[in-house]
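Source file: input-v7.txt; contents: compact mmCIF, N, CA and C atoms.
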# COMPACT_ATOMS: atom_id res chain seq x y z
N MET A 521 117.65 -0.37 -131.09
CA MET A 521 116.67 -1.01 -131.96
C MET A 521 115.30 -0.87 -131.29
N ASP A 522 114.39 -0.31 -132.04
CA ASP A 522 113.02 -0.11 -131.58
C ASP A 522 112.15 -1.04 -132.42
N ILE A 523 112.31 -2.34 -132.19
CA ILE A 523 111.72 -3.37 -133.04
C ILE A 523 110.50 -3.98 -132.35
N PHE A 524 109.37 -3.97 -133.06
CA PHE A 524 108.13 -4.50 -132.54
C PHE A 524 107.86 -5.88 -133.12
N PRO A 525 107.26 -6.80 -132.34
CA PRO A 525 107.05 -8.17 -132.82
C PRO A 525 105.93 -8.30 -133.85
N PHE A 526 105.08 -7.31 -134.00
CA PHE A 526 103.93 -7.43 -134.91
C PHE A 526 104.24 -6.94 -136.32
N ASN A 527 105.43 -6.40 -136.58
CA ASN A 527 105.87 -6.06 -137.93
C ASN A 527 107.21 -6.74 -138.18
N LYS A 528 107.58 -6.82 -139.45
CA LYS A 528 108.79 -7.55 -139.82
C LYS A 528 110.01 -6.65 -139.77
N PHE A 529 111.14 -7.27 -139.44
CA PHE A 529 112.45 -6.62 -139.49
C PHE A 529 113.46 -7.67 -139.90
N SER A 530 114.35 -7.29 -140.83
CA SER A 530 115.46 -8.17 -141.16
C SER A 530 116.66 -7.32 -141.56
N ILE A 531 117.82 -7.87 -141.28
CA ILE A 531 119.08 -7.22 -141.67
C ILE A 531 119.94 -8.30 -142.32
N GLY A 532 120.46 -7.98 -143.50
CA GLY A 532 121.21 -8.95 -144.27
C GLY A 532 122.60 -9.22 -143.73
N SER A 533 123.25 -10.18 -144.36
CA SER A 533 124.59 -10.57 -143.93
C SER A 533 125.58 -9.45 -144.21
N ASN A 534 126.53 -9.31 -143.33
CA ASN A 534 127.62 -8.33 -143.41
C ASN A 534 127.13 -6.89 -143.36
N SER A 535 125.90 -6.65 -142.92
CA SER A 535 125.40 -5.28 -142.76
C SER A 535 125.65 -4.83 -141.33
N ILE A 536 125.86 -3.51 -141.18
CA ILE A 536 126.14 -2.97 -139.85
C ILE A 536 125.23 -1.78 -139.57
N VAL A 537 124.91 -1.61 -138.30
CA VAL A 537 124.18 -0.44 -137.81
C VAL A 537 125.09 0.19 -136.76
N GLU A 538 125.56 1.41 -137.03
CA GLU A 538 126.50 2.07 -136.14
C GLU A 538 125.80 2.65 -134.91
N ASP A 539 126.60 3.09 -133.94
CA ASP A 539 126.10 3.61 -132.68
C ASP A 539 125.10 4.75 -132.86
N PHE A 540 124.18 4.83 -131.92
CA PHE A 540 123.18 5.90 -131.80
C PHE A 540 122.16 5.91 -132.92
N ALA A 541 122.16 4.91 -133.78
CA ALA A 541 121.14 4.81 -134.83
C ALA A 541 119.87 4.22 -134.22
N THR A 542 118.72 4.62 -134.78
CA THR A 542 117.43 4.09 -134.35
C THR A 542 116.74 3.46 -135.54
N ILE A 543 116.31 2.23 -135.36
CA ILE A 543 115.53 1.55 -136.38
C ILE A 543 114.20 1.19 -135.74
N ASN A 544 113.09 1.65 -136.37
CA ASN A 544 111.76 1.48 -135.79
C ASN A 544 110.83 0.88 -136.83
N ASN A 545 110.28 -0.29 -136.53
CA ASN A 545 109.33 -0.94 -137.42
C ASN A 545 107.91 -0.90 -136.86
N GLY A 546 107.64 0.02 -135.95
CA GLY A 546 106.34 0.09 -135.27
C GLY A 546 105.18 0.37 -136.21
N VAL A 547 105.41 1.11 -137.29
CA VAL A 547 104.32 1.42 -138.21
C VAL A 547 104.53 0.80 -139.60
N GLY A 548 105.59 0.03 -139.77
CA GLY A 548 105.85 -0.61 -141.05
C GLY A 548 107.12 -1.43 -141.02
N ASP A 549 107.14 -2.47 -141.83
CA ASP A 549 108.29 -3.38 -141.90
C ASP A 549 109.55 -2.63 -142.30
N VAL A 550 110.69 -3.10 -141.80
CA VAL A 550 112.00 -2.57 -142.17
C VAL A 550 112.87 -3.74 -142.62
N PHE A 551 113.34 -3.64 -143.86
CA PHE A 551 114.23 -4.66 -144.42
C PHE A 551 115.51 -3.98 -144.87
N ILE A 552 116.64 -4.47 -144.37
CA ILE A 552 117.96 -3.95 -144.75
C ILE A 552 118.68 -5.10 -145.45
N GLY A 553 119.19 -4.84 -146.65
CA GLY A 553 119.82 -5.88 -147.46
C GLY A 553 121.20 -6.28 -146.95
N ASP A 554 121.91 -7.01 -147.78
CA ASP A 554 123.26 -7.48 -147.47
C ASP A 554 124.29 -6.36 -147.70
N ASN A 555 125.34 -6.38 -146.91
CA ASN A 555 126.50 -5.49 -147.08
C ASN A 555 126.13 -4.01 -147.02
N CYS A 556 125.18 -3.67 -146.17
CA CYS A 556 124.76 -2.28 -145.99
C CYS A 556 125.45 -1.66 -144.78
N GLY A 557 125.59 -0.35 -144.81
CA GLY A 557 126.13 0.38 -143.67
C GLY A 557 125.17 1.48 -143.27
N VAL A 558 124.61 1.37 -142.08
CA VAL A 558 123.72 2.39 -141.52
C VAL A 558 124.58 3.22 -140.57
N GLY A 559 124.80 4.49 -140.91
CA GLY A 559 125.76 5.33 -140.21
C GLY A 559 125.32 5.80 -138.84
N LEU A 560 126.25 6.46 -138.17
CA LEU A 560 126.01 7.01 -136.84
C LEU A 560 124.77 7.90 -136.81
N SER A 561 123.94 7.70 -135.81
CA SER A 561 122.78 8.56 -135.51
C SER A 561 121.74 8.60 -136.62
N ASN A 562 121.66 7.58 -137.45
CA ASN A 562 120.60 7.51 -138.45
C ASN A 562 119.28 7.15 -137.76
N VAL A 563 118.17 7.57 -138.38
CA VAL A 563 116.84 7.18 -137.94
C VAL A 563 116.13 6.56 -139.14
N ILE A 564 115.68 5.33 -138.98
CA ILE A 564 114.94 4.63 -140.03
C ILE A 564 113.61 4.19 -139.45
N ILE A 565 112.52 4.72 -140.00
CA ILE A 565 111.17 4.40 -139.55
C ILE A 565 110.42 3.80 -140.73
N GLY A 566 109.92 2.59 -140.55
CA GLY A 566 109.25 1.88 -141.64
C GLY A 566 107.97 2.53 -142.10
N PRO A 567 107.45 2.05 -143.22
CA PRO A 567 107.94 0.92 -144.01
C PRO A 567 109.10 1.32 -144.92
N VAL A 568 110.21 0.61 -144.79
CA VAL A 568 111.43 0.88 -145.56
C VAL A 568 112.01 -0.45 -146.04
N LYS A 569 112.39 -0.46 -147.32
CA LYS A 569 113.09 -1.61 -147.87
C LYS A 569 114.37 -1.11 -148.52
N MET A 570 115.51 -1.57 -148.02
CA MET A 570 116.83 -1.21 -148.57
C MET A 570 117.41 -2.42 -149.27
N GLY A 571 117.98 -2.17 -150.44
CA GLY A 571 118.64 -3.23 -151.20
C GLY A 571 120.00 -3.57 -150.61
N ASN A 572 120.87 -4.12 -151.45
CA ASN A 572 122.21 -4.52 -151.04
C ASN A 572 123.22 -3.40 -151.31
N TYR A 573 124.28 -3.38 -150.52
CA TYR A 573 125.38 -2.43 -150.67
C TYR A 573 124.91 -0.97 -150.58
N VAL A 574 123.91 -0.71 -149.75
CA VAL A 574 123.47 0.66 -149.51
C VAL A 574 124.38 1.27 -148.45
N MET A 575 124.81 2.50 -148.69
CA MET A 575 125.72 3.19 -147.77
C MET A 575 125.04 4.47 -147.28
N LEU A 576 124.80 4.53 -145.97
CA LEU A 576 124.19 5.70 -145.35
C LEU A 576 125.24 6.39 -144.47
N ALA A 577 125.48 7.67 -144.72
CA ALA A 577 126.42 8.43 -143.90
C ALA A 577 125.78 8.71 -142.54
N GLN A 578 126.08 9.83 -141.91
CA GLN A 578 125.63 10.12 -140.56
C GLN A 578 124.40 11.03 -140.54
N ASN A 579 123.60 10.88 -139.46
CA ASN A 579 122.47 11.77 -139.16
C ASN A 579 121.41 11.82 -140.26
N ILE A 580 121.16 10.71 -140.89
CA ILE A 580 120.15 10.62 -141.95
C ILE A 580 118.81 10.22 -141.33
N VAL A 581 117.73 10.80 -141.82
CA VAL A 581 116.38 10.39 -141.42
C VAL A 581 115.68 9.82 -142.64
N ILE A 582 115.22 8.58 -142.52
CA ILE A 582 114.46 7.89 -143.56
C ILE A 582 113.16 7.47 -142.89
N SER A 583 112.06 8.14 -143.23
CA SER A 583 110.81 7.88 -142.51
C SER A 583 109.64 7.70 -143.46
N GLY A 584 109.03 6.53 -143.38
CA GLY A 584 107.82 6.24 -144.12
C GLY A 584 106.56 6.70 -143.42
N LEU A 585 106.70 7.44 -142.33
CA LEU A 585 105.60 7.85 -141.47
C LEU A 585 105.32 9.34 -141.59
N ASN A 586 104.04 9.69 -141.65
CA ASN A 586 103.59 11.08 -141.54
C ASN A 586 102.42 11.13 -140.57
N HIS A 587 102.30 12.23 -139.84
CA HIS A 587 101.17 12.44 -138.94
C HIS A 587 100.13 13.30 -139.64
N GLY A 588 98.86 13.00 -139.38
CA GLY A 588 97.78 13.83 -139.89
C GLY A 588 97.75 15.16 -139.15
N TYR A 589 97.23 16.18 -139.80
CA TYR A 589 97.11 17.51 -139.20
C TYR A 589 95.84 18.22 -139.68
N GLU A 590 95.11 17.58 -140.59
CA GLU A 590 94.01 18.22 -141.29
C GLU A 590 92.87 18.67 -140.37
N ASP A 591 92.57 17.90 -139.32
CA ASP A 591 91.49 18.24 -138.40
C ASP A 591 92.00 19.24 -137.36
N VAL A 592 91.60 20.49 -137.51
CA VAL A 592 92.13 21.54 -136.63
C VAL A 592 91.52 21.49 -135.23
N THR A 593 90.55 20.60 -135.00
CA THR A 593 89.99 20.46 -133.65
C THR A 593 90.79 19.47 -132.81
N LEU A 594 91.76 18.81 -133.44
CA LEU A 594 92.59 17.82 -132.74
C LEU A 594 94.06 18.14 -132.91
N PRO A 595 94.85 17.90 -131.86
CA PRO A 595 96.30 18.06 -132.02
C PRO A 595 96.83 17.04 -133.03
N PRO A 596 97.83 17.40 -133.82
CA PRO A 596 98.40 16.43 -134.76
C PRO A 596 98.83 15.12 -134.09
N ARG A 597 99.26 15.20 -132.83
CA ARG A 597 99.74 14.01 -132.13
C ARG A 597 98.68 12.92 -132.02
N VAL A 598 97.40 13.29 -131.98
CA VAL A 598 96.35 12.28 -131.82
C VAL A 598 95.63 11.95 -133.12
N GLN A 599 96.03 12.56 -134.22
CA GLN A 599 95.40 12.27 -135.49
C GLN A 599 96.02 11.02 -136.14
N LYS A 600 95.30 10.51 -137.10
CA LYS A 600 95.70 9.29 -137.79
C LYS A 600 97.09 9.45 -138.42
N VAL A 601 97.90 8.39 -138.31
CA VAL A 601 99.19 8.38 -139.00
C VAL A 601 99.00 7.75 -140.37
N VAL A 602 99.81 8.19 -141.31
CA VAL A 602 99.79 7.68 -142.67
C VAL A 602 101.18 7.18 -142.99
N THR A 603 101.28 6.00 -143.58
CA THR A 603 102.58 5.47 -143.97
C THR A 603 102.61 5.22 -145.47
N LYS A 604 103.80 5.38 -146.03
CA LYS A 604 104.03 5.06 -147.44
C LYS A 604 105.40 4.43 -147.54
N GLN A 605 105.48 3.36 -148.32
CA GLN A 605 106.71 2.59 -148.50
C GLN A 605 107.85 3.45 -149.06
N ILE A 606 109.01 3.33 -148.47
CA ILE A 606 110.26 3.89 -149.02
C ILE A 606 111.07 2.71 -149.53
N THR A 607 111.56 2.83 -150.77
CA THR A 607 112.40 1.79 -151.36
C THR A 607 113.72 2.41 -151.76
N ILE A 608 114.80 1.82 -151.27
CA ILE A 608 116.15 2.25 -151.63
C ILE A 608 116.80 1.05 -152.31
N GLU A 609 117.06 1.18 -153.60
CA GLU A 609 117.56 0.05 -154.37
C GLU A 609 119.06 -0.17 -154.12
N ASP A 610 119.63 -1.19 -154.77
CA ASP A 610 121.03 -1.58 -154.56
C ASP A 610 122.02 -0.45 -154.88
N ASN A 611 123.13 -0.46 -154.15
CA ASN A 611 124.31 0.37 -154.43
C ASN A 611 124.08 1.87 -154.27
N VAL A 612 123.12 2.26 -153.46
CA VAL A 612 122.83 3.68 -153.24
C VAL A 612 123.73 4.23 -152.15
N TRP A 613 124.14 5.49 -152.33
CA TRP A 613 124.92 6.22 -151.32
C TRP A 613 124.14 7.47 -150.96
N ILE A 614 123.84 7.62 -149.66
CA ILE A 614 123.13 8.80 -149.17
C ILE A 614 124.06 9.56 -148.23
N GLY A 615 124.27 10.84 -148.53
CA GLY A 615 125.19 11.68 -147.77
C GLY A 615 124.62 12.12 -146.43
N ALA A 616 125.51 12.61 -145.57
CA ALA A 616 125.16 13.01 -144.20
C ALA A 616 124.04 14.04 -144.16
N ASN A 617 123.21 13.93 -143.12
CA ASN A 617 122.15 14.89 -142.81
C ASN A 617 121.05 14.94 -143.86
N ALA A 618 120.93 13.94 -144.69
CA ALA A 618 119.85 13.89 -145.68
C ALA A 618 118.56 13.41 -145.02
N VAL A 619 117.44 13.75 -145.66
CA VAL A 619 116.12 13.29 -145.23
C VAL A 619 115.44 12.65 -146.44
N VAL A 620 114.89 11.46 -146.23
CA VAL A 620 114.14 10.77 -147.28
C VAL A 620 112.71 10.63 -146.77
N THR A 621 111.75 11.19 -147.51
CA THR A 621 110.37 11.25 -147.05
C THR A 621 109.55 10.06 -147.55
N ALA A 622 108.40 9.88 -146.93
CA ALA A 622 107.51 8.75 -147.20
C ALA A 622 107.14 8.66 -148.67
N GLY A 623 107.12 7.42 -149.18
CA GLY A 623 106.67 7.15 -150.53
C GLY A 623 107.72 7.24 -151.61
N VAL A 624 108.95 7.56 -151.25
CA VAL A 624 110.02 7.78 -152.22
C VAL A 624 110.70 6.47 -152.60
N THR A 625 111.09 6.36 -153.87
CA THR A 625 111.97 5.29 -154.33
C THR A 625 113.25 5.92 -154.85
N ILE A 626 114.38 5.40 -154.37
CA ILE A 626 115.69 5.85 -154.85
C ILE A 626 116.26 4.69 -155.67
N GLY A 627 116.51 4.94 -156.94
CA GLY A 627 116.93 3.91 -157.87
C GLY A 627 118.35 3.42 -157.66
N LYS A 628 118.66 2.33 -158.33
CA LYS A 628 119.96 1.66 -158.23
C LYS A 628 121.11 2.61 -158.54
N HIS A 629 122.15 2.54 -157.72
CA HIS A 629 123.40 3.28 -157.88
C HIS A 629 123.19 4.80 -157.94
N ALA A 630 122.14 5.27 -157.27
CA ALA A 630 121.93 6.72 -157.16
C ALA A 630 122.75 7.25 -155.99
N VAL A 631 123.07 8.54 -156.06
CA VAL A 631 123.79 9.23 -155.00
C VAL A 631 122.95 10.42 -154.57
N ILE A 632 122.77 10.55 -153.25
CA ILE A 632 122.02 11.66 -152.68
C ILE A 632 123.01 12.53 -151.92
N GLY A 633 123.09 13.80 -152.29
CA GLY A 633 124.05 14.71 -151.67
C GLY A 633 123.74 15.00 -150.22
N ALA A 634 124.77 15.32 -149.47
CA ALA A 634 124.64 15.65 -148.04
C ALA A 634 123.65 16.80 -147.86
N GLY A 635 122.81 16.69 -146.84
CA GLY A 635 121.86 17.73 -146.50
C GLY A 635 120.64 17.81 -147.39
N SER A 636 120.50 16.89 -148.31
CA SER A 636 119.37 16.93 -149.25
C SER A 636 118.09 16.43 -148.59
N VAL A 637 116.95 16.91 -149.12
CA VAL A 637 115.63 16.46 -148.68
C VAL A 637 114.96 15.82 -149.90
N VAL A 638 114.83 14.52 -149.85
CA VAL A 638 114.31 13.76 -150.99
C VAL A 638 112.80 13.60 -150.83
N THR A 639 112.04 14.29 -151.67
CA THR A 639 110.58 14.28 -151.60
C THR A 639 109.94 13.58 -152.79
N LYS A 640 110.75 13.27 -153.81
CA LYS A 640 110.26 12.60 -155.02
C LYS A 640 111.23 11.50 -155.40
N ASP A 641 110.76 10.57 -156.23
CA ASP A 641 111.62 9.47 -156.68
C ASP A 641 112.87 9.99 -157.37
N VAL A 642 113.97 9.26 -157.16
CA VAL A 642 115.24 9.56 -157.80
C VAL A 642 115.57 8.40 -158.72
N PRO A 643 115.80 8.65 -160.02
CA PRO A 643 116.05 7.55 -160.95
C PRO A 643 117.39 6.85 -160.69
N SER A 644 117.50 5.64 -161.18
CA SER A 644 118.76 4.90 -161.10
C SER A 644 119.87 5.66 -161.81
N TYR A 645 121.09 5.46 -161.34
CA TYR A 645 122.30 6.02 -161.95
C TYR A 645 122.20 7.54 -162.10
N SER A 646 121.80 8.19 -161.01
CA SER A 646 121.73 9.65 -161.03
C SER A 646 122.26 10.20 -159.70
N VAL A 647 122.58 11.49 -159.72
CA VAL A 647 123.01 12.21 -158.52
C VAL A 647 121.96 13.29 -158.27
N ALA A 648 121.42 13.31 -157.05
CA ALA A 648 120.41 14.31 -156.69
C ALA A 648 120.87 15.02 -155.42
N LEU A 649 120.57 16.33 -155.37
CA LEU A 649 120.90 17.09 -154.17
C LEU A 649 120.01 18.31 -154.05
N GLY A 650 120.02 18.88 -152.84
CA GLY A 650 119.28 20.10 -152.57
C GLY A 650 118.02 19.86 -151.76
N ASN A 651 117.28 20.97 -151.55
CA ASN A 651 116.03 20.94 -150.80
C ASN A 651 114.99 21.75 -151.55
N PRO A 652 114.07 21.07 -152.23
CA PRO A 652 113.98 19.62 -152.38
C PRO A 652 115.05 19.10 -153.34
N ALA A 653 115.40 17.84 -153.17
CA ALA A 653 116.45 17.25 -154.01
C ALA A 653 116.01 17.22 -155.47
N ARG A 654 116.96 17.53 -156.34
CA ARG A 654 116.72 17.44 -157.79
C ARG A 654 117.93 16.79 -158.43
N VAL A 655 117.69 16.11 -159.53
CA VAL A 655 118.75 15.39 -160.22
C VAL A 655 119.64 16.40 -160.93
N ILE A 656 120.97 16.30 -160.69
CA ILE A 656 121.93 17.19 -161.35
C ILE A 656 122.85 16.46 -162.32
N LYS A 657 122.95 15.12 -162.16
CA LYS A 657 123.78 14.31 -163.06
C LYS A 657 123.11 12.97 -163.30
N LYS A 658 123.39 12.40 -164.47
CA LYS A 658 122.98 11.05 -164.80
C LYS A 658 124.15 10.34 -165.47
N TYR A 659 124.20 9.03 -165.27
CA TYR A 659 125.26 8.27 -165.90
C TYR A 659 124.84 7.92 -167.32
N ASN A 660 125.75 8.19 -168.28
CA ASN A 660 125.51 7.88 -169.68
C ASN A 660 126.28 6.60 -170.01
N PHE A 661 125.56 5.53 -170.27
CA PHE A 661 126.20 4.24 -170.54
C PHE A 661 126.85 4.20 -171.92
N GLU A 662 126.47 5.07 -172.81
CA GLU A 662 127.10 5.11 -174.14
C GLU A 662 128.50 5.73 -174.07
N THR A 663 128.66 6.76 -173.24
CA THR A 663 129.97 7.42 -173.10
C THR A 663 130.73 6.97 -171.87
N ASN A 664 130.07 6.14 -171.03
CA ASN A 664 130.68 5.68 -169.76
C ASN A 664 131.13 6.85 -168.89
N SER A 665 130.24 7.85 -168.76
CA SER A 665 130.59 9.00 -167.95
C SER A 665 129.34 9.61 -167.30
N TRP A 666 129.58 10.33 -166.20
CA TRP A 666 128.52 11.07 -165.53
C TRP A 666 128.36 12.40 -166.23
N GLN A 667 127.14 12.75 -166.57
CA GLN A 667 126.90 14.00 -167.29
C GLN A 667 125.90 14.86 -166.55
N LYS A 668 126.16 16.18 -166.56
CA LYS A 668 125.23 17.12 -165.94
C LYS A 668 123.92 17.12 -166.69
N VAL A 669 122.85 17.31 -165.97
CA VAL A 669 121.51 17.35 -166.57
C VAL A 669 121.20 18.77 -166.98
Final structure tokens representation of the file:
Amino acid sequence: MDIFPFNKFSIGSNSIVEDFATINNGVGDVFIGDNCGVGLSNVIIGPVKMGNYVMLAQNIVISGLNHGYEDVTLPPRVQKVVTKQITIEDNVWIGANAVVTAGVTIGKHAVIGAGSVVTKDVPSYSVALGNPARVIKKYNFETNSWQKV
């Protein structure tokens, strides 16, 4: 845990963080809801808000942080950092080796395929995968089935 006292961190009841995971709130608050599972070797860098029953597989990076690079007279390491809130709503499942970039919202009961790079919002009740991730299925409440897009 890389938790700083000047930003907020909370983890809900019955949530677990498995071995070798890193949670860092140095540049933004990190909130993990109830009944969540943060898998082996995950990296979570705020600002991040996770709902309840979120399931993260292994080796996932969720980072609300970006480094500036625009000024070519300075190394990126010393340029201003920019943060954007990441929101992961309830009942989301993110597959192994996925990356979720700053500013993204993943809607309720969405599934992110293994190895995907999520650069844009993913709607609720959808399956997204690839690099960059794109929605391939949505749940149809009229037919009670998952349908290809």
Name the residues within 12 Å of (106.5, -9.7, -136.9), counting only C-alpha atoms in the file's coordinates, and put them as a ChimeraX atom specification. /A:523-530,545-551
Same residues, N, CA and C atoms, saved as a compact mmCIF listing (two decimals), in the frame of the given file:
# COMPACT_ATOMS: atom_id res chain seq x y z
N ILE A 523 112.31 -2.34 -132.19
CA ILE A 523 111.72 -3.37 -133.04
C ILE A 523 110.50 -3.98 -132.35
N PHE A 524 109.37 -3.97 -133.06
CA PHE A 524 108.13 -4.50 -132.54
C PHE A 524 107.86 -5.88 -133.12
N PRO A 525 107.26 -6.80 -132.34
CA PRO A 525 107.05 -8.17 -132.82
C PRO A 525 105.93 -8.30 -133.85
N PHE A 526 105.08 -7.31 -134.00
CA PHE A 526 103.93 -7.43 -134.91
C PHE A 526 104.24 -6.94 -136.32
N ASN A 527 105.43 -6.40 -136.58
CA ASN A 527 105.87 -6.06 -137.93
C ASN A 527 107.21 -6.74 -138.18
N LYS A 528 107.58 -6.82 -139.45
CA LYS A 528 108.79 -7.55 -139.82
C LYS A 528 110.01 -6.65 -139.77
N PHE A 529 111.14 -7.27 -139.44
CA PHE A 529 112.45 -6.62 -139.49
C PHE A 529 113.46 -7.67 -139.90
N SER A 530 114.35 -7.29 -140.83
CA SER A 530 115.46 -8.17 -141.16
C SER A 530 116.66 -7.32 -141.56
N ASN A 545 110.28 -0.29 -136.53
CA ASN A 545 109.33 -0.94 -137.42
C ASN A 545 107.91 -0.90 -136.86
N GLY A 546 107.64 0.02 -135.95
CA GLY A 546 106.34 0.09 -135.27
C GLY A 546 105.18 0.37 -136.21
N VAL A 547 105.41 1.11 -137.29
CA VAL A 547 104.32 1.42 -138.21
C VAL A 547 104.53 0.80 -139.60
N GLY A 548 105.59 0.03 -139.77
CA GLY A 548 105.85 -0.61 -141.05
C GLY A 548 107.12 -1.43 -141.02
N ASP A 549 107.14 -2.47 -141.83
CA ASP A 549 108.29 -3.38 -141.90
C ASP A 549 109.55 -2.63 -142.30
N VAL A 550 110.69 -3.10 -141.80
CA VAL A 550 112.00 -2.57 -142.17
C VAL A 550 112.87 -3.74 -142.62
N PHE A 551 113.34 -3.64 -143.86
CA PHE A 551 114.23 -4.66 -144.42
C PHE A 551 115.51 -3.98 -144.87
Write out as a VMD selection string each polymer residue whose atoms come within 6.5 Å of Lys658 in chain A, counting only N, CA and C atoms; drop sequence neighbours fewer than 5 positions from it. chain A and resid 645 to 647 665 to 669
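From atom C of Ser644 in chain A back to atom N of Ile656 in chain A, the distance works out to 10.8 Å.
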Counting only C-alpha atoms, find residues at most 10 Å from (110.9, 3.9, -142.0) (file frame) and give them as a ChimeraX atom specification. /A:543-551,563-569,581-585,603-607,620-622
Apply DSSP to the backbone of this structure and, from range 527-591 of chain A, keep only the residues in strand (DSSP E or B); write these as a count of residues only. 27
Point out the residue among A:Pro652, A:Pro595, A:Gly571, A:Gly559 with the least atom-to-atom distance to Thr625 in chain A, counting only C-alpha atoms. A:Gly571
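You will find CA of Lys600 in chain A at 8.9 Å from CA of Asn586 in chain A.
One finds CA of Ser533 in chain A at 16.3 Å from CA of Leu576 in chain A.
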Env of Ile614 in chain A: 9 Å cut, atoms = only C-alpha atoms, seq-sep filter 5 positions within chain, self excluded. Answer as number ranges by chain. A: 574-577, 580, 630-634, 636
Please produce a file of those selected residues containing N, CA and C atoms, as an mmCIF file, in the coordinates of the input.
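Here's the written file part02.cif:
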data_model
loop_
_atom_site.group_PDB
_atom_site.id
_atom_site.type_symbol
_atom_site.label_atom_id
_atom_site.label_comp_id
_atom_site.auth_asym_id
_atom_site.auth_seq_id
_atom_site.Cartn_x
_atom_site.Cartn_y
_atom_site.Cartn_z
ATOM 1 N N VAL A 574 123.910 -0.710 -149.750
ATOM 2 C CA VAL A 574 123.470 0.660 -149.510
ATOM 3 C C VAL A 574 124.380 1.270 -148.450
ATOM 4 N N MET A 575 124.810 2.500 -148.690
ATOM 5 C CA MET A 575 125.720 3.190 -147.770
ATOM 6 C C MET A 575 125.040 4.470 -147.280
ATOM 7 N N LEU A 576 124.800 4.530 -145.970
ATOM 8 C CA LEU A 576 124.190 5.700 -145.350
ATOM 9 C C LEU A 576 125.240 6.390 -144.470
ATOM 10 N N ALA A 577 125.480 7.670 -144.720
ATOM 11 C CA ALA A 577 126.420 8.430 -143.900
ATOM 12 C C ALA A 577 125.780 8.710 -142.540
ATOM 13 N N ILE A 580 121.160 10.710 -140.890
ATOM 14 C CA ILE A 580 120.150 10.620 -141.950
ATOM 15 C C ILE A 580 118.810 10.220 -141.330
ATOM 16 N N ALA A 630 122.140 5.270 -157.270
ATOM 17 C CA ALA A 630 121.930 6.720 -157.160
ATOM 18 C C ALA A 630 122.750 7.250 -155.990
ATOM 19 N N VAL A 631 123.070 8.540 -156.060
ATOM 20 C CA VAL A 631 123.790 9.230 -155.000
ATOM 21 C C VAL A 631 122.950 10.420 -154.570
ATOM 22 N N ILE A 632 122.770 10.550 -153.250
ATOM 23 C CA ILE A 632 122.020 11.660 -152.680
ATOM 24 C C ILE A 632 123.010 12.530 -151.920
ATOM 25 N N GLY A 633 123.090 13.800 -152.290
ATOM 26 C CA GLY A 633 124.050 14.710 -151.670
ATOM 27 C C GLY A 633 123.740 15.000 -150.220
ATOM 28 N N ALA A 634 124.770 15.320 -149.470
ATOM 29 C CA ALA A 634 124.640 15.650 -148.040
ATOM 30 C C ALA A 634 123.650 16.800 -147.860
ATOM 31 N N SER A 636 120.500 16.890 -148.310
ATOM 32 C CA SER A 636 119.370 16.930 -149.250
ATOM 33 C C SER A 636 118.090 16.430 -148.590
#
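Those residues that approach His587 in chain A to within 7 Å, counting only N, CA and C atoms, are Pro596, Arg597, Gln599, Lys600, Val601 and Val602 of chain A; same-chain residues fewer than 5 positions away are not listed.
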Output of the above residues as a PDB file, keeping the file's coordinate frame, restricted to N, CA and C atoms:
ATOM      1  N   PRO A 596      97.830  17.400-133.820  1.00  0.00           N
ATOM      2  CA  PRO A 596      98.400  16.430-134.760  1.00  0.00           C
ATOM      3  C   PRO A 596      98.830  15.120-134.090  1.00  0.00           C
ATOM      4  N   ARG A 597      99.260  15.200-132.830  1.00  0.00           N
ATOM      5  CA  ARG A 597      99.740  14.010-132.130  1.00  0.00           C
ATOM      6  C   ARG A 597      98.680  12.920-132.020  1.00  0.00           C
ATOM      7  N   GLN A 599      96.030  12.560-134.220  1.00  0.00           N
ATOM      8  CA  GLN A 599      95.400  12.270-135.490  1.00  0.00           C
ATOM      9  C   GLN A 599      96.020  11.020-136.140  1.00  0.00           C
ATOM     10  N   LYS A 600      95.300  10.510-137.100  1.00  0.00           N
ATOM     11  CA  LYS A 600      95.700   9.290-137.790  1.00  0.00           C
ATOM     12  C   LYS A 600      97.090   9.450-138.420  1.00  0.00           C
ATOM     13  N   VAL A 601      97.900   8.390-138.310  1.00  0.00           N
ATOM     14  CA  VAL A 601      99.190   8.380-139.000  1.00  0.00           C
ATOM     15  C   VAL A 601      99.000   7.750-140.370  1.00  0.00           C
ATOM     16  N   VAL A 602      99.810   8.190-141.310  1.00  0.00           N
ATOM     17  CA  VAL A 602      99.790   7.680-142.670  1.00  0.00           C
ATOM     18  C   VAL A 602     101.180   7.180-142.990  1.00  0.00           C
TER      19      VAL A 602
END
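Distance annotation: of A:Phe661, A:Val655, A:Gly532, A:Val558, the residue with the minimal separation from Trp613 in chain A is A:Val558; atom set is only C-alpha atoms.
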